[in-house]
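This report concerns only the one structure given below.
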Amino acid sequence: MTAQQEAFRVYYSSLTDAELLKIAANKRSFLNVAQEALANELRGRNLAPSEPNRPADNRTSESHPNPVARMARKVRGWFSRQP
C-alpha cells in the first residue's frame with residue numbers, strides 16, 4: 001500500500017457512516033486512489049452510496065469544495081513536493 005493510499009484509508013476510516021455516504025455522492029470528482037479507498041471503506045461497512053448529485057447550476061465543484069476534495073489536494077501536495 002502506498003503512503004497516499006494509506007492516507008486516504010485512514011481519513012475515510014475516521015468518518016461516520018453519514019459523512020462517508022455524503023461524500024460518496026460526489027466520488028467521480030476524486031482522484032482514482034481516493035475513489036478506491038472510499039469504495040473499500042464503504043464495502044467494509046456494508047454501505048451503498050446513492051447516485052451522484054447533479055449541480056443545480058453551472059458552478060464548478062471547486063466553488064464549494066467538499067472535505068474529500070480538500071483532503072485530495074492536501075495529499076497530492078505531500079507527494080508533489082521536491083525533497
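Quick note on naming: the chains in the C-alpha cells go A, B, ... in the order shown, residues restart at 1 in each chain, and ligands are numbered from 1 in order of appearance.
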
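Summary of the local environment: counting only C-alpha atoms, residues at most 12 Å from Gln5 in chain A, other than itself and those fewer than 5 positions away along its chain, are Val10, Tyr11, Tyr12, Leu31, Asn32, Val33, Ala34, Gln35, Glu36, Ala37, Leu38, Asn40, Glu41, Ala72, Val75, Arg76 and Phe79 of chain A.
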
Selection above as a file: N, CA and C atoms, as a PDB file, in the first residue's frame:
ATOM      1  N   VAL A  10      -6.936   5.950   6.091  1.00  0.00           N
ATOM      2  CA  VAL A  10      -7.036   6.469   7.458  1.00  0.00           C
ATOM      3  C   VAL A  10      -8.092   7.563   7.530  1.00  0.00           C
ATOM      4  N   TYR A  11      -8.082   8.459   6.551  1.00  0.00           N
ATOM      5  CA  TYR A  11      -9.051   9.559   6.551  1.00  0.00           C
ATOM      6  C   TYR A  11     -10.480   9.014   6.483  1.00  0.00           C
ATOM      7  N   TYR A  12     -10.758   8.130   5.530  1.00  0.00           N
ATOM      8  CA  TYR A  12     -12.115   7.606   5.383  1.00  0.00           C
ATOM      9  C   TYR A  12     -12.545   6.789   6.600  1.00  0.00           C
ATOM     10  N   LEU A  31      -9.672  11.774  -7.046  1.00  0.00           N
ATOM     11  CA  LEU A  31      -8.585  11.007  -7.638  1.00  0.00           C
ATOM     12  C   LEU A  31      -8.940   9.522  -7.599  1.00  0.00           C
ATOM     13  N   ASN A  32      -8.396   8.760  -8.527  1.00  0.00           N
ATOM     14  CA  ASN A  32      -8.680   7.320  -8.548  1.00  0.00           C
ATOM     15  C   ASN A  32      -8.317   6.649  -7.232  1.00  0.00           C
ATOM     16  N   VAL A  33      -7.170   7.019  -6.665  1.00  0.00           N
ATOM     17  CA  VAL A  33      -6.750   6.414  -5.402  1.00  0.00           C
ATOM     18  C   VAL A  33      -7.756   6.722  -4.301  1.00  0.00           C
ATOM     19  N   ALA A  34      -8.334   7.920  -4.308  1.00  0.00           N
ATOM     20  CA  ALA A  34      -9.342   8.292  -3.314  1.00  0.00           C
ATOM     21  C   ALA A  34     -10.634   7.514  -3.549  1.00  0.00           C
ATOM     22  N   GLN A  35     -11.017   7.347  -4.814  1.00  0.00           N
ATOM     23  CA  GLN A  35     -12.223   6.581  -5.137  1.00  0.00           C
ATOM     24  C   GLN A  35     -12.097   5.137  -4.675  1.00  0.00           C
ATOM     25  N   GLU A  36     -10.933   4.547  -4.897  1.00  0.00           N
ATOM     26  CA  GLU A  36     -10.717   3.155  -4.493  1.00  0.00           C
ATOM     27  C   GLU A  36     -10.768   3.004  -2.976  1.00  0.00           C
ATOM     28  N   ALA A  37     -10.130   3.915  -2.269  1.00  0.00           N
ATOM     29  CA  ALA A  37     -10.136   3.852  -0.807  1.00  0.00           C
ATOM     30  C   ALA A  37     -11.551   4.047  -0.269  1.00  0.00           C
ATOM     31  N   LEU A  38     -12.296   4.959  -0.877  1.00  0.00           N
ATOM     32  CA  LEU A  38     -13.675   5.200  -0.469  1.00  0.00           C
ATOM     33  C   LEU A  38     -14.527   3.956  -0.717  1.00  0.00           C
ATOM     34  N   ASN A  40     -13.559   0.877  -0.864  1.00  0.00           N
ATOM     35  CA  ASN A  40     -13.167  -0.163   0.100  1.00  0.00           C
ATOM     36  C   ASN A  40     -13.791   0.082   1.466  1.00  0.00           C
ATOM     37  N   GLU A  41     -13.777   1.329   1.902  1.00  0.00           N
ATOM     38  CA  GLU A  41     -14.356   1.660   3.214  1.00  0.00           C
ATOM     39  C   GLU A  41     -15.870   1.428   3.207  1.00  0.00           C
ATOM     40  N   ALA A  72      -7.828  15.521  -0.823  1.00  0.00           N
ATOM     41  CA  ALA A  72      -7.120  15.052  -2.020  1.00  0.00           C
ATOM     42  C   ALA A  72      -6.062  16.065  -2.442  1.00  0.00           C
ATOM     43  N   VAL A  75      -3.188  15.819   0.098  1.00  0.00           N
ATOM     44  CA  VAL A  75      -2.388  14.606  -0.092  1.00  0.00           C
ATOM     45  C   VAL A  75      -1.555  14.720  -1.362  1.00  0.00           C
ATOM     46  N   ARG A  76      -2.158  15.236  -2.434  1.00  0.00           N
ATOM     47  CA  ARG A  76      -1.425  15.421  -3.679  1.00  0.00           C
ATOM     48  C   ARG A  76      -0.226  16.336  -3.449  1.00  0.00           C
ATOM     49  N   PHE A  79       2.876  14.693  -2.021  1.00  0.00           N
ATOM     50  CA  PHE A  79       3.648  13.842  -2.921  1.00  0.00           C
ATOM     51  C   PHE A  79       4.234  14.608  -4.100  1.00  0.00           C
TER      52      PHE A  79
END

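Closest approach to Ala39 in chain A from the set A:Leu21, A:Gln4, A:Arg70, A:Ser14 is made by A:Leu21, with distances taken over only C-alpha atoms.
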
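Atom pair CA of Ala25 in chain A / CA of Arg43 in chain A: separated by 14.9 Å.
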
**OP:** Would you work out the distance separating CA of Ala18 in chain A from CA of Ala3 in chain A, expressed in Å to one decimal?
**Re:** 25.7 Å

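Using only C-alpha atoms, the shortest contact distance between Phe30 in chain A and any of A:Lys74, A:Ala48, A:Met1, A:Val68 is found at A:Val68.
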
**OP:** Figure out the distance between CA of Ala69 in chain A and CA of Lys27 in chain A, please, to one decimal in Å.
**Re:** 9.2 Å

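With distances restricted to only C-alpha atoms, A:Asp17 is the closest residue to Asn46 in chain A from A:Arg73, A:Asp17, A:Arg9, A:Asn66.
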
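With only C-alpha atoms as the atoms that count, the minimum distance from Leu20 in chain A to the choices A:Thr2, A:Ala7, A:Trp78, A:Pro49 is reached by A:Pro49.
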